[in-house]
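What follows is structure37.pdb (PDB, C-alpha atoms).
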```pdb
ATOM      1  CA  GLU A   1      10.688  -9.273  21.183  1.00  0.00           C
ATOM      2  CA  PRO A   2       7.087 -10.529  20.792  1.00  0.00           C
ATOM      3  CA  THR A   3       5.964  -6.996  19.939  1.00  0.00           C
ATOM      4  CA  TYR A   4       8.811  -6.680  17.415  1.00  0.00           C
ATOM      5  CA  GLU A   5       7.751  -9.980  15.830  1.00  0.00           C
ATOM      6  CA  SER A   6       4.213  -8.629  15.511  1.00  0.00           C
ATOM      7  CA  LEU A   7       5.621  -5.620  13.633  1.00  0.00           C
ATOM      8  CA  LEU A   8       7.394  -7.973  11.240  1.00  0.00           C
ATOM      9  CA  GLU A   9       4.096  -9.706  10.526  1.00  0.00           C
ATOM     10  CA  ALA A  10       2.391  -6.347   9.961  1.00  0.00           C
ATOM     11  CA  VAL A  11       5.032  -5.366   7.404  1.00  0.00           C
ATOM     12  CA  ARG A  12       4.717  -8.690   5.598  1.00  0.00           C
ATOM     13  CA  ARG A  13       0.954  -8.249   5.331  1.00  0.00           C
ATOM     14  CA  SER A  14       1.111  -4.622   4.236  1.00  0.00           C
ATOM     15  CA  PRO A  15      -0.072  -3.823   0.687  1.00  0.00           C
ATOM     16  CA  ALA A  16       2.991  -1.592   0.156  1.00  0.00           C
ATOM     17  CA  VAL A  17       6.460  -1.754   1.729  1.00  0.00           C
ATOM     18  CA  TYR A  18       9.464   0.537   1.267  1.00  0.00           C
ATOM     19  CA  ALA A  19      12.950  -0.823   1.847  1.00  0.00           C
ATOM     20  CA  ASP A  20      16.398   0.680   2.193  1.00  0.00           C
ATOM     21  CA  GLU A  21      19.801  -0.340   3.515  1.00  0.00           C
ATOM     22  CA  THR A  22      22.965   1.377   4.694  1.00  0.00           C
ATOM     23  CA  GLY A  23      26.257   0.495   6.324  1.00  0.00           C
ATOM     24  CA  ALA A  24      26.616  -0.537   9.971  1.00  0.00           C
ATOM     25  CA  ARG A  25      29.510  -1.648  12.184  1.00  0.00           C
ATOM     26  CA  MET A  26      29.982  -4.772  14.285  1.00  0.00           C
ATOM     27  CA  SER A  27      33.147  -4.894  16.406  1.00  0.00           C
ATOM     28  CA  GLY A  28      34.774  -2.636  13.833  1.00  0.00           C
ATOM     29  CA  ARG A  29      33.735  -4.813  10.896  1.00  0.00           C
ATOM     30  CA  PRO A  30      31.226  -3.928   8.158  1.00  0.00           C
ATOM     31  CA  TRP A  31      27.612  -4.941   8.693  1.00  0.00           C
ATOM     32  CA  TRP A  32      24.402  -3.712   7.106  1.00  0.00           C
ATOM     33  CA  LEU A  33      21.433  -1.891   8.549  1.00  0.00           C
ATOM     34  CA  TRP A  34      18.165  -2.701   6.752  1.00  0.00           C
ATOM     35  CA  VAL A  35      14.840  -0.929   7.148  1.00  0.00           C
ATOM     36  CA  PHE A  36      11.408  -2.061   5.961  1.00  0.00           C
ATOM     37  CA  THR A  37       8.672   0.477   6.467  1.00  0.00           C
ATOM     38  CA  THR A  38       5.019   1.149   5.683  1.00  0.00           C
ATOM     39  CA  PRO A  39       2.879   4.208   6.449  1.00  0.00           C
ATOM     40  CA  ASP A  40       2.268   2.926   9.989  1.00  0.00           C
ATOM     41  CA  THR A  41       4.977   0.348  10.782  1.00  0.00           C
ATOM     42  CA  THR A  42       8.791   0.205  10.671  1.00  0.00           C
ATOM     43  CA  VAL A  43      11.203  -2.617  11.408  1.00  0.00           C
ATOM     44  CA  TYR A  44      14.992  -2.444  11.515  1.00  0.00           C
ATOM     45  CA  ALA A  45      17.287  -5.416  10.965  1.00  0.00           C
ATOM     46  CA  GLN A  46      21.088  -5.370  11.229  1.00  0.00           C
ATOM     47  CA  ARG A  47      22.807  -8.252   9.509  1.00  0.00           C
ATOM     48  CA  PRO A  48      26.290  -9.157   8.208  1.00  0.00           C
ATOM     49  CA  SER A  49      24.762  -9.564   4.740  1.00  0.00           C
ATOM     50  CA  ARG A  50      23.512  -7.168   2.099  1.00  0.00           C
ATOM     51  CA  GLY A  51      22.117 -10.062   0.083  1.00  0.00           C
ATOM     52  CA  PHE A  52      18.718 -11.451  -0.778  1.00  0.00           C
ATOM     53  CA  ASP A  53      18.818 -13.683   2.303  1.00  0.00           C
ATOM     54  CA  VAL A  54      17.872 -10.688   4.476  1.00  0.00           C
ATOM     55  CA  ILE A  55      14.921  -9.770   2.258  1.00  0.00           C
ATOM     56  CA  GLU A  56      13.857 -13.410   2.269  1.00  0.00           C
ATOM     57  CA  GLU A  57      14.064 -13.486   6.077  1.00  0.00           C
ATOM     58  CA  ILE A  58      12.057 -10.306   6.608  1.00  0.00           C
ATOM     59  CA  LEU A  59       9.492 -10.354   3.768  1.00  0.00           C
ATOM     60  CA  GLY A  60       9.721 -13.888   2.428  1.00  0.00           C
ATOM     61  CA  ALA A  61      10.914 -14.971  -1.012  1.00  0.00           C
ATOM     62  CA  ASP A  62       7.314 -15.213  -2.238  1.00  0.00           C
ATOM     63  CA  PHE A  63       6.301 -11.703  -1.135  1.00  0.00           C
ATOM     64  CA  ASP A  64       3.666 -10.589  -3.632  1.00  0.00           C
ATOM     65  CA  GLY A  65       2.824  -7.098  -2.420  1.00  0.00           C
ATOM     66  CA  LYS A  66       4.043  -3.741  -3.681  1.00  0.00           C
ATOM     67  CA  ILE A  67       7.580  -2.659  -2.803  1.00  0.00           C
ATOM     68  CA  GLY A  68       9.363   0.640  -3.360  1.00  0.00           C
ATOM     69  CA  HIS A  69      13.161   0.678  -3.412  1.00  0.00           C
ATOM     70  CA  ASP A  70      16.245   2.063  -5.096  1.00  0.00           C
ATOM     71  CA  GLY A  71      18.084   0.475  -8.016  1.00  0.00           C
ATOM     72  CA  TYR A  72      19.916  -2.146  -5.922  1.00  0.00           C
ATOM     73  CA  ALA A  73      19.585  -5.305  -8.025  1.00  0.00           C
ATOM     74  CA  VAL A  74      18.939  -7.718  -5.144  1.00  0.00           C
ATOM     75  CA  TYR A  75      15.343  -6.460  -4.812  1.00  0.00           C
ATOM     76  CA  ASP A  76      14.615  -7.738  -8.311  1.00  0.00           C
ATOM     77  CA  ARG A  77      14.756 -11.278  -6.973  1.00  0.00           C
ATOM     78  CA  LEU A  78      11.298 -10.723  -5.459  1.00  0.00           C
ATOM     79  CA  LEU A  79       9.750 -12.150  -8.593  1.00  0.00           C
ATOM     80  CA  ARG A  80       6.138 -12.041  -7.419  1.00  0.00           C
ATOM     81  CA  ALA A  81       6.249  -8.500  -6.045  1.00  0.00           C
ATOM     82  CA  ILE A  82       5.083  -5.314  -7.774  1.00  0.00           C
ATOM     83  CA  HIS A  83       8.123  -3.035  -7.958  1.00  0.00           C
ATOM     84  CA  GLN A  84       8.500   0.734  -7.982  1.00  0.00           C
ATOM     85  CA  GLN A  85      11.931   2.224  -8.555  1.00  0.00           C
ATOM     86  CA  CYS A  86      12.643   5.400  -6.603  1.00  0.00           C
ATOM     87  CA  LEU A  87      12.377   8.294  -9.071  1.00  0.00           C
ATOM     88  CA  GLN A  88      14.439  10.611  -6.889  1.00  0.00           C
ATOM     89  CA  HIS A  89      17.570   8.568  -7.542  1.00  0.00           C
ATOM     90  CA  PRO A  90      17.651   9.105 -11.334  1.00  0.00           C
ATOM     91  CA  LEU A  91      16.813  12.770 -10.792  1.00  0.00           C
ATOM     92  CA  ALA A  92      19.828  13.120  -8.509  1.00  0.00           C
ATOM     93  CA  ARG A  93      21.970  11.240 -11.007  1.00  0.00           C
ATOM     94  CA  ILE A  94      20.821  13.523 -13.822  1.00  0.00           C
ATOM     95  CA  LYS A  95      21.705  16.594 -11.758  1.00  0.00           C
ATOM     96  CA  GLU A  96      25.264  15.313 -11.296  1.00  0.00           C
ATOM     97  CA  MET A  97      25.634  14.276 -14.933  1.00  0.00           C
ATOM     98  CA  LEU A  98      24.439  17.641 -16.259  1.00  0.00           C
ATOM     99  CA  GLN A  99      27.311  19.341 -14.467  1.00  0.00           C
ATOM    100  CA  VAL A 100      29.926  17.542 -16.574  1.00  0.00           C
ATOM    101  CA  ALA A 101      28.108  16.415 -19.728  1.00  0.00           C
ATOM    102  CA  PRO A 102      29.015  18.162 -22.994  1.00  0.00           C
ATOM    103  CA  ARG A 103      26.334  20.384 -24.512  1.00  0.00           C
ATOM    104  CA  GLY A 104      25.267  17.852 -27.124  1.00  0.00           C
ATOM    105  CA  ALA A 105      24.672  15.163 -24.500  1.00  0.00           C
ATOM    106  CA  ARG A 106      22.433  17.224 -22.241  1.00  0.00           C
ATOM    107  CA  ALA A 107      19.259  16.942 -24.326  1.00  0.00           C
ATOM    108  CA  PHE A 108      18.722  13.275 -23.420  1.00  0.00           C
ATOM    109  CA  LEU A 109      19.248  13.934 -19.713  1.00  0.00           C
ATOM    110  CA  LYS A 110      16.839  16.872 -19.746  1.00  0.00           C
ATOM    111  CA  ALA A 111      14.251  14.786 -21.593  1.00  0.00           C
ATOM    112  CA  VAL A 112      14.448  12.041 -18.955  1.00  0.00           C
ATOM    113  CA  LYS A 113      14.155  14.667 -16.223  1.00  0.00           C
ATOM    114  CA  ARG A 114      11.010  16.128 -17.831  1.00  0.00           C
ATOM    115  CA  PHE A 115       9.563  12.635 -18.224  1.00  0.00           C
ATOM    116  CA  ILE A 116       9.998  11.890 -14.497  1.00  0.00           C
ATOM    117  CA  GLN A 117       8.710  15.281 -13.402  1.00  0.00           C
ATOM    118  CA  ASP A 118       5.660  14.955 -15.663  1.00  0.00           C
ATOM    119  CA  ALA A 119       4.902  11.526 -14.186  1.00  0.00           C
ATOM    120  CA  LEU A 120       5.057  12.872 -10.618  1.00  0.00           C
ATOM    121  CA  ASP A 121       3.006  15.916 -11.607  1.00  0.00           C
ATOM    122  CA  LEU A 122       0.341  13.669 -13.156  1.00  0.00           C
ATOM    123  CA  ARG A 123       0.093  11.732  -9.903  1.00  0.00           C
ATOM    124  CA  ASP A 124      -0.295  14.953  -7.911  1.00  0.00           C
ATOM    125  CA  ARG A 125      -2.981  16.353 -10.225  1.00  0.00           C
ATOM    126  CA  TYR A 126      -4.936  13.089 -10.102  1.00  0.00           C
ATOM    127  CA  LEU A 127      -4.871  12.966  -6.293  1.00  0.00           C
ATOM    128  CA  ALA A 128      -5.929  16.628  -6.201  1.00  0.00           C
ATOM    129  CA  GLY A 129      -8.987  15.761  -8.316  1.00  0.00           C
ATOM    130  CA  GLU A 130      -7.784  17.749 -11.332  1.00  0.00           C
ATOM    131  CA  VAL A 131      -7.528  14.647 -13.550  1.00  0.00           C
ATOM    132  CA  SER A 132     -10.194  11.966 -13.933  1.00  0.00           C
ATOM    133  CA  LYS A 133      -9.516   8.245 -13.830  1.00  0.00           C
ATOM    134  CA  HIS A 134      -9.903   8.114 -17.621  1.00  0.00           C
ATOM    135  CA  GLY A 135      -7.585  11.093 -18.009  1.00  0.00           C
ATOM    136  CA  LEU A 136      -5.021   9.352 -15.819  1.00  0.00           C
ATOM    137  CA  ALA A 137      -5.130   6.252 -18.020  1.00  0.00           C
ATOM    138  CA  VAL A 138      -4.700   8.298 -21.202  1.00  0.00           C
ATOM    139  CA  ALA A 139      -1.826  10.350 -19.793  1.00  0.00           C
ATOM    140  CA  ARG A 140      -0.196   7.209 -18.403  1.00  0.00           C
ATOM    141  CA  GLY A 141      -0.264   5.660 -21.859  1.00  0.00           C
ATOM    142  CA  ARG A 142       1.365   8.739 -23.367  1.00  0.00           C
ATOM    143  CA  LEU A 143       4.084   8.615 -20.742  1.00  0.00           C
ATOM    144  CA  GLY A 144       4.671   4.978 -21.671  1.00  0.00           C
ATOM    145  CA  TRP A 145       5.228   5.976 -25.300  1.00  0.00           C
ATOM    146  CA  ARG A 146       7.655   8.698 -24.197  1.00  0.00           C
ATOM    147  CA  GLN A 147       9.521   6.186 -22.065  1.00  0.00           C
ATOM    148  CA  ASP A 148       9.844   3.740 -24.962  1.00  0.00           C
ATOM    149  CA  GLU A 149      11.163   6.523 -27.171  1.00  0.00           C
ATOM    150  CA  LEU A 150      13.780   7.540 -24.600  1.00  0.00           C
ATOM    151  CA  LEU A 151      14.922   3.960 -24.056  1.00  0.00           C
ATOM    152  CA  SER A 152      15.260   3.245 -27.793  1.00  0.00           C
ATOM    153  CA  LYS A 153      17.113   6.446 -28.641  1.00  0.00           C
ATOM    154  CA  GLY A 154      20.571   5.978 -30.137  1.00  0.00           C
ATOM    155  CA  LEU A 155      23.221   7.623 -27.959  1.00  0.00           C
ATOM    156  CA  ARG A 156      26.926   8.314 -28.374  1.00  0.00           C
ATOM    157  CA  TYR A 157      27.973   9.777 -25.026  1.00  0.00           C
ATOM    158  CA  GLY A 158      29.213   6.913 -22.840  1.00  0.00           C
ATOM    159  CA  PRO A 159      27.697   7.959 -19.472  1.00  0.00           C
ATOM    160  CA  ASN A 160      24.342   8.549 -21.158  1.00  0.00           C
ATOM    161  CA  LYS A 161      24.448   5.060 -22.676  1.00  0.00           C
ATOM    162  CA  THR A 162      25.184   3.574 -19.240  1.00  0.00           C
ATOM    163  CA  PHE A 163      22.323   5.560 -17.706  1.00  0.00           C
ATOM    164  CA  GLN A 164      19.968   4.510 -20.491  1.00  0.00           C
ATOM    165  CA  LYS A 165      20.943   0.873 -19.936  1.00  0.00           C
ATOM    166  CA  HIS A 166      19.971   1.195 -16.271  1.00  0.00           C
ATOM    167  CA  LEU A 167      16.640   2.784 -17.181  1.00  0.00           C
ATOM    168  CA  ARG A 168      15.982   0.047 -19.738  1.00  0.00           C
ATOM    169  CA  LYS A 169      16.810  -2.716 -17.258  1.00  0.00           C
ATOM    170  CA  HIS A 170      14.017  -1.514 -14.971  1.00  0.00           C
ATOM    171  CA  HIS A 171      11.725  -0.208 -17.708  1.00  0.00           C
ATOM    172  CA  ASN A 172       8.571  -1.698 -16.172  1.00  0.00           C
ATOM    173  CA  GLU A 173       9.281  -0.335 -12.669  1.00  0.00           C
ATOM    174  CA  TRP A 174       9.330   3.440 -13.256  1.00  0.00           C
ATOM    175  CA  LEU A 175       5.608   4.172 -13.716  1.00  0.00           C
ATOM    176  CA  THR A 176       4.106   1.554 -11.400  1.00  0.00           C
ATOM    177  CA  PHE A 177       2.933   4.206  -8.948  1.00  0.00           C
ATOM    178  CA  LEU A 178       0.613   5.649 -11.623  1.00  0.00           C
ATOM    179  CA  TRP A 179      -1.279   2.362 -11.646  1.00  0.00           C
ATOM    180  CA  TYR A 180      -1.742   2.612  -7.858  1.00  0.00           C
ATOM    181  CA  PRO A 181      -2.027   6.354  -7.102  1.00  0.00           C
ATOM    182  CA  GLY A 182      -2.413   6.933  -3.394  1.00  0.00           C
ATOM    183  CA  GLU A 183      -1.342   3.366  -2.631  1.00  0.00           C
ATOM    184  CA  LEU A 184       2.270   3.413  -3.840  1.00  0.00           C
ATOM    185  CA  GLU A 185       4.789   6.255  -3.725  1.00  0.00           C
ATOM    186  CA  GLY A 186       6.835   7.287  -6.741  1.00  0.00           C
ATOM    187  CA  THR A 187       9.940   7.750  -4.602  1.00  0.00           C
ATOM    188  CA  ASN A 188      11.435   5.854  -1.679  1.00  0.00           C
ATOM    189  CA  TRP A 189      11.244   8.782   0.713  1.00  0.00           C
ATOM    190  CA  ARG A 190       9.564   6.638   3.372  1.00  0.00           C
ATOM    191  CA  GLY A 191      12.480   4.210   3.453  1.00  0.00           C
ATOM    192  CA  GLU A 192      15.077   6.972   3.431  1.00  0.00           C
ATOM    193  CA  GLN A 193      13.307   8.890   6.204  1.00  0.00           C
ATOM    194  CA  ALA A 194      12.979   5.745   8.315  1.00  0.00           C
ATOM    195  CA  VAL A 195      16.668   4.892   8.046  1.00  0.00           C
ATOM    196  CA  ARG A 196      17.829   8.307   9.291  1.00  0.00           C
ATOM    197  CA  PRO A 197      17.173   7.817  13.052  1.00  0.00           C
ATOM    198  CA  ALA A 198      19.102   4.544  12.975  1.00  0.00           C
ATOM    199  CA  VAL A 199      21.991   6.249  11.161  1.00  0.00           C
ATOM    200  CA  VAL A 200      22.107   8.905  13.889  1.00  0.00           C
ATOM    201  CA  ILE A 201      22.338   6.168  16.523  1.00  0.00           C
ATOM    202  CA  ARG A 202      25.132   4.487  14.544  1.00  0.00           C
ATOM    203  CA  LYS A 203      27.104   7.721  14.324  1.00  0.00           C
ATOM    204  CA  MET A 204      26.707   8.398  18.044  1.00  0.00           C
ATOM    205  CA  SER A 205      27.601   4.869  19.156  1.00  0.00           C
ATOM    206  CA  GLY A 206      30.133   3.872  16.505  1.00  0.00           C
ATOM    207  CA  GLY A 207      28.413   0.525  16.062  1.00  0.00           C
ATOM    208  CA  HIS A 208      27.974  -2.607  18.169  1.00  0.00           C
ATOM    209  CA  ARG A 209      30.234  -5.051  19.943  1.00  0.00           C
ATOM    210  CA  SER A 210      27.965  -8.098  19.699  1.00  0.00           C
ATOM    211  CA  PRO A 211      25.014  -9.420  17.672  1.00  0.00           C
ATOM    212  CA  ILE A 212      22.940  -9.273  20.869  1.00  0.00           C
ATOM    213  CA  GLY A 213      23.538  -5.531  21.063  1.00  0.00           C
ATOM    214  CA  ALA A 214      22.576  -5.157  17.413  1.00  0.00           C
ATOM    215  CA  TRP A 215      19.411  -7.169  18.021  1.00  0.00           C
ATOM    216  CA  ALA A 216      18.452  -4.901  20.919  1.00  0.00           C
ATOM    217  CA  GLN A 217      19.080  -1.933  18.641  1.00  0.00           C
ATOM    218  CA  ASP A 218      16.724  -3.482  16.079  1.00  0.00           C
ATOM    219  CA  VAL A 219      13.887  -4.148  18.508  1.00  0.00           C
ATOM    220  CA  ALA A 220      13.739  -0.926  20.524  1.00  0.00           C
ATOM    221  CA  PRO A 221      13.953   1.598  17.641  1.00  0.00           C
ATOM    222  CA  SER A 222      11.412  -0.423  15.643  1.00  0.00           C
ATOM    223  CA  ILE A 223       8.902  -0.091  18.479  1.00  0.00           C
ATOM    224  CA  LEU A 224       9.731   3.590  19.036  1.00  0.00           C
ATOM    225  CA  ARG A 225       9.544   4.494  15.348  1.00  0.00           C
ATOM    226  CA  THR A 226       6.260   2.633  14.888  1.00  0.00           C
ATOM    227  CA  SER A 227       4.857   4.357  17.974  1.00  0.00           C
ATOM    228  CA  HIS A 228       5.733   7.704  16.422  1.00  0.00           C
ATOM    229  CA  GLN A 229       4.068   6.731  13.135  1.00  0.00           C
ATOM    230  CA  ARG A 230       0.888   5.617  14.870  1.00  0.00           C
ATOM    231  CA  GLY A 231       0.701   8.533  17.307  1.00  0.00           C
ATOM    232  CA  ALA A 232       1.157   6.247  20.319  1.00  0.00           C
ATOM    233  CA  ASP A 233       2.717   7.163  23.656  1.00  0.00           C
ATOM    234  CA  ALA A 234       6.098   5.448  23.298  1.00  0.00           C
ATOM    235  CA  LEU A 235       7.212   5.903  26.923  1.00  0.00           C
ATOM    236  CA  ASP A 236       3.967   4.488  28.276  1.00  0.00           C
ATOM    237  CA  LEU A 237       4.232   1.549  25.868  1.00  0.00           C
ATOM    238  CA  VAL A 238       7.829   0.742  26.785  1.00  0.00           C
ATOM    239  CA  GLY A 239       6.935   1.012  30.480  1.00  0.00           C
ATOM    240  CA  ARG A 240       4.124  -1.501  30.091  1.00  0.00           C
ATOM    241  CA  ILE A 241       6.388  -3.856  28.115  1.00  0.00           C
ATOM    242  CA  VAL A 242       9.169  -3.730  30.715  1.00  0.00           C
ATOM    243  CA  CYS A 243       6.759  -4.241  33.627  1.00  0.00           C
ATOM    244  CA  ALA A 244       4.828  -7.077  31.993  1.00  0.00           C
ATOM    245  CA  PRO A 245       4.922 -10.321  34.058  1.00  0.00           C
ATOM    246  CA  ARG A 246       5.740 -12.366  30.948  1.00  0.00           C
ATOM    247  CA  PRO A 247       6.722 -11.821  27.292  1.00  0.00           C
ATOM    248  CA  MET A 248       3.654 -10.852  25.316  1.00  0.00           C
ATOM    249  CA  VAL A 249       2.553  -8.828  22.297  1.00  0.00           C
ATOM    250  CA  PHE A 250       1.535  -5.244  23.030  1.00  0.00           C
ATOM    251  CA  ALA A 251      -0.667  -3.404  20.566  1.00  0.00           C
ATOM    252  CA  ILE A 252       0.721  -0.046  19.443  1.00  0.00           C
ATOM    253  CA  ALA A 253      -2.379   2.126  19.274  1.00  0.00           C
ATOM    254  CA  PRO A 254      -2.791   5.922  19.075  1.00  0.00           C
ATOM    255  CA  ARG A 255      -2.853   7.670  22.413  1.00  0.00           C
ATOM    256  CA  ALA A 256      -6.213   8.733  23.809  1.00  0.00           C
ATOM    257  CA  PRO A 257      -7.189  12.349  22.992  1.00  0.00           C
TER     258      PRO A 257
END
```
structure tokens encoding of this file:
Amino acid sequence: EPTYESLLEAVRRSPAVYADETGARMSGRPWWLWVFTTPDTTVYAQRPSRGFDVIEEILGADFDGKIGHDGYAVYDRLLRAIHQQCLQHPLARIKEMLQVAPRGARAFLKAVKRFIQDALDLRDRYLAGEVSKHGLAVARGRLGWRQDELLSKGLRYGPNKTFQKHLRKHHNEWLTFLWYPGELEGTNWRGEQAVRPAVVIRKMSGGHRSPIGAWAQDVAPSILRTSHQRGADALDLVGRIVCAPRPMVFAIAPRAP
């Protein structure tokens, strides 16, 4: 537990955090499995709530770092944080909508898709050294104009109007990653990847019978996942934790070459 608490502190201090949540089970009743991850640290937290209280517990209500997440509205209550909406989610939504949208309604969806793909491509070209810092700023401004045009466009097709409303609601959270290239991802792939091992455990076990069991399932996978991220020897670490004469914080460092 002391080592798990140290991971919580590392996440809170991280310049960029990625969060995700999915369903869990407690004695047959619905719970929620939360994950908060950075490039080198992951913590899991299973709670009966999917509300802001969990985010407040893990990150703090005054968290002022960068956070990547999906469109779940509860994250917006982090008023001091710098937000990045996951761009993969609208792309997936566009793919589904294009399958049923009438021909006249597809132009808007394709334009939004091109806008997102161009933003991600700009990031990649900048990181590859193909675009200068000045070029990035100019291209970012042009993307901003394109975004404003898409969000102000008059639409008739109902699903497109609903989609546009969602995009407009988070208008200042779609291009954040272009202000912090290399520091903030444009998608929430880190959070989604981190949640997968815990989902596998949930499917194999069917859930938990007590909060104590859920707590144990938060602590151990957090240490194992972080060990994997940092290139540490997880079995050696767990052995040292179990054999320690008293509860103490163990550093999770890369294994010796």
Could you produce a table of the residues of segment 20-55 of chain A lying within 9 Å of segment 61-64 of chain A, with the nearest pair of atoms per residue and their separation in Å rounded to one decimal, using all atoms listed in the file, ordered by chain and increasing residue number, as JSON lines?
```
{"residue": "A:Phe52", "atom": "CA", "partner": "A:Ala61", "partner_atom": "CA", "distance": 8.6}
{"residue": "A:Asp53", "atom": "CA", "partner": "A:Ala61", "partner_atom": "CA", "distance": 8.7}
{"residue": "A:Ile55", "atom": "CA", "partner": "A:Ala61", "partner_atom": "CA", "distance": 7.3}
```
Go ahead and save the residues from that selection, with C-alpha atoms, as a compact mmCIF listing (two decimals), in the frame of the given file.
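Resulting contents of again_9.txt:
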```
# COMPACT_ATOMS: atom_id res chain seq x y z
CA PHE A 52 18.72 -11.45 -0.78
CA ASP A 53 18.82 -13.68 2.30
CA ILE A 55 14.92 -9.77 2.26
```
### Message
Given only C-alpha atoms as the basis, pick out the residue of A:Leu235, A:Leu150, A:Leu184, A:Leu155 nearest to His171 of chain A.
### Response
A:Leu150
### Query
Using only C-alpha atoms, which residue out of A:Thr176, A:Thr22, A:Ser210, A:Ser152 lies closest to Arg140 of chain A?
A:Thr176
### Message
What does the structure give for the distance between atom CA of Asp218 of chain A and atom CA of Gly65 of chain A, in Å to one decimal?
### Response
23.4 Å
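Once the PyMOL selection byres ((chain A and resi 192) around 10) is applied to this file, the selection holds A:Tyr18, A:Ala19, A:Asp20, A:Glu21, A:Thr22, A:Val35, A:Thr37, A:His69, A:Asp70, A:Thr187, A:Asn188, A:Trp189, A:Arg190, A:Gly191, A:Gln193, A:Ala194, A:Val195, A:Arg196, A:Pro197.
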Taking a cut-off of 10 Å and counting all atoms listed in the file, can you build a table that, for each residue of segment 143-175 of chain A near segment 114-123 of chain A, reports the nearest atom pair and how far apart they are in Å (one decimal), sorted by chain then residue number, as a Markdown table?
```
| residue | atom | partner | partner_atom | distance |
| --- | --- | --- | --- | --- |
| A:Leu143 | CA | A:Ala119 | CA | 7.2 |
| A:Gly144 | CA | A:Phe115 | CA | 9.7 |
| A:Arg146 | CA | A:Phe115 | CA | 7.4 |
| A:Gln147 | CA | A:Phe115 | CA | 7.5 |
| A:Leu150 | CA | A:Phe115 | CA | 9.2 |
| A:Trp174 | CA | A:Ile116 | CA | 8.6 |
| A:Leu175 | CA | A:Ala119 | CA | 7.4 |
```
Complete the atoms of segment 80-96 of chain A to N, CA and C atoms and put them out as an mmCIF file, in the frame of the given file.
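Output contents, as saved in part_22.cif:
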```cif
data_model
loop_
_atom_site.group_PDB
_atom_site.id
_atom_site.type_symbol
_atom_site.label_atom_id
_atom_site.label_comp_id
_atom_site.auth_asym_id
_atom_site.auth_seq_id
_atom_site.Cartn_x
_atom_site.Cartn_y
_atom_site.Cartn_z
ATOM 1 N N ARG A 80 7.591 -12.157 -7.469
ATOM 2 C CA ARG A 80 6.138 -12.041 -7.419
ATOM 3 C C ARG A 80 5.676 -10.662 -6.965
ATOM 4 N N ALA A 81 6.609 -9.822 -6.555
ATOM 5 C CA ALA A 81 6.249 -8.500 -6.045
ATOM 6 C C ALA A 81 6.004 -7.517 -7.184
ATOM 7 N N ILE A 82 5.303 -6.431 -6.860
ATOM 8 C CA ILE A 82 5.083 -5.314 -7.774
ATOM 9 C C ILE A 82 6.081 -4.226 -7.386
ATOM 10 N N HIS A 83 6.995 -3.900 -8.298
ATOM 11 C CA HIS A 83 8.123 -3.035 -7.958
ATOM 12 C C HIS A 83 7.910 -1.598 -8.414
ATOM 13 N N GLN A 84 8.413 -0.669 -7.603
ATOM 14 C CA GLN A 84 8.500 0.734 -7.982
ATOM 15 C C GLN A 84 9.908 1.230 -7.690
ATOM 16 N N GLN A 85 10.614 1.623 -8.730
ATOM 17 C CA GLN A 85 11.931 2.224 -8.555
ATOM 18 C C GLN A 85 11.767 3.641 -8.013
ATOM 19 N N CYS A 86 12.668 4.047 -7.144
ATOM 20 C CA CYS A 86 12.643 5.400 -6.603
ATOM 21 C C CYS A 86 13.014 6.394 -7.699
ATOM 22 N N LEU A 87 12.136 7.327 -8.009
ATOM 23 C CA LEU A 87 12.377 8.294 -9.071
ATOM 24 C C LEU A 87 13.327 9.411 -8.643
ATOM 25 N N GLN A 88 13.524 9.572 -7.342
ATOM 26 C CA GLN A 88 14.439 10.611 -6.889
ATOM 27 C C GLN A 88 15.884 10.261 -7.217
ATOM 28 N N HIS A 89 16.195 8.980 -7.258
ATOM 29 C CA HIS A 89 17.570 8.568 -7.542
ATOM 30 C C HIS A 89 18.005 8.945 -8.966
ATOM 31 N N PRO A 90 17.227 8.652 -10.008
ATOM 32 C CA PRO A 90 17.651 9.105 -11.334
ATOM 33 C C PRO A 90 17.663 10.620 -11.459
ATOM 34 N N LEU A 91 16.775 11.314 -10.749
ATOM 35 C CA LEU A 91 16.813 12.770 -10.792
ATOM 36 C C LEU A 91 18.119 13.305 -10.215
ATOM 37 N N ALA A 92 18.556 12.707 -9.108
ATOM 38 C CA ALA A 92 19.828 13.120 -8.509
ATOM 39 C C ALA A 92 20.997 12.784 -9.433
ATOM 40 N N ARG A 93 20.908 11.642 -10.074
ATOM 41 C CA ARG A 93 21.970 11.240 -11.007
ATOM 42 C C ARG A 93 22.025 12.186 -12.205
ATOM 43 N N ILE A 94 20.869 12.588 -12.702
ATOM 44 C CA ILE A 94 20.821 13.523 -13.822
ATOM 45 C C ILE A 94 21.438 14.860 -13.429
ATOM 46 N N LYS A 95 21.152 15.322 -12.227
ATOM 47 C CA LYS A 95 21.705 16.594 -11.758
ATOM 48 C C LYS A 95 23.230 16.559 -11.763
ATOM 49 N N GLU A 96 23.808 15.452 -11.309
ATOM 50 C CA GLU A 96 25.264 15.313 -11.296
ATOM 51 C C GLU A 96 25.820 15.218 -12.712
#
```
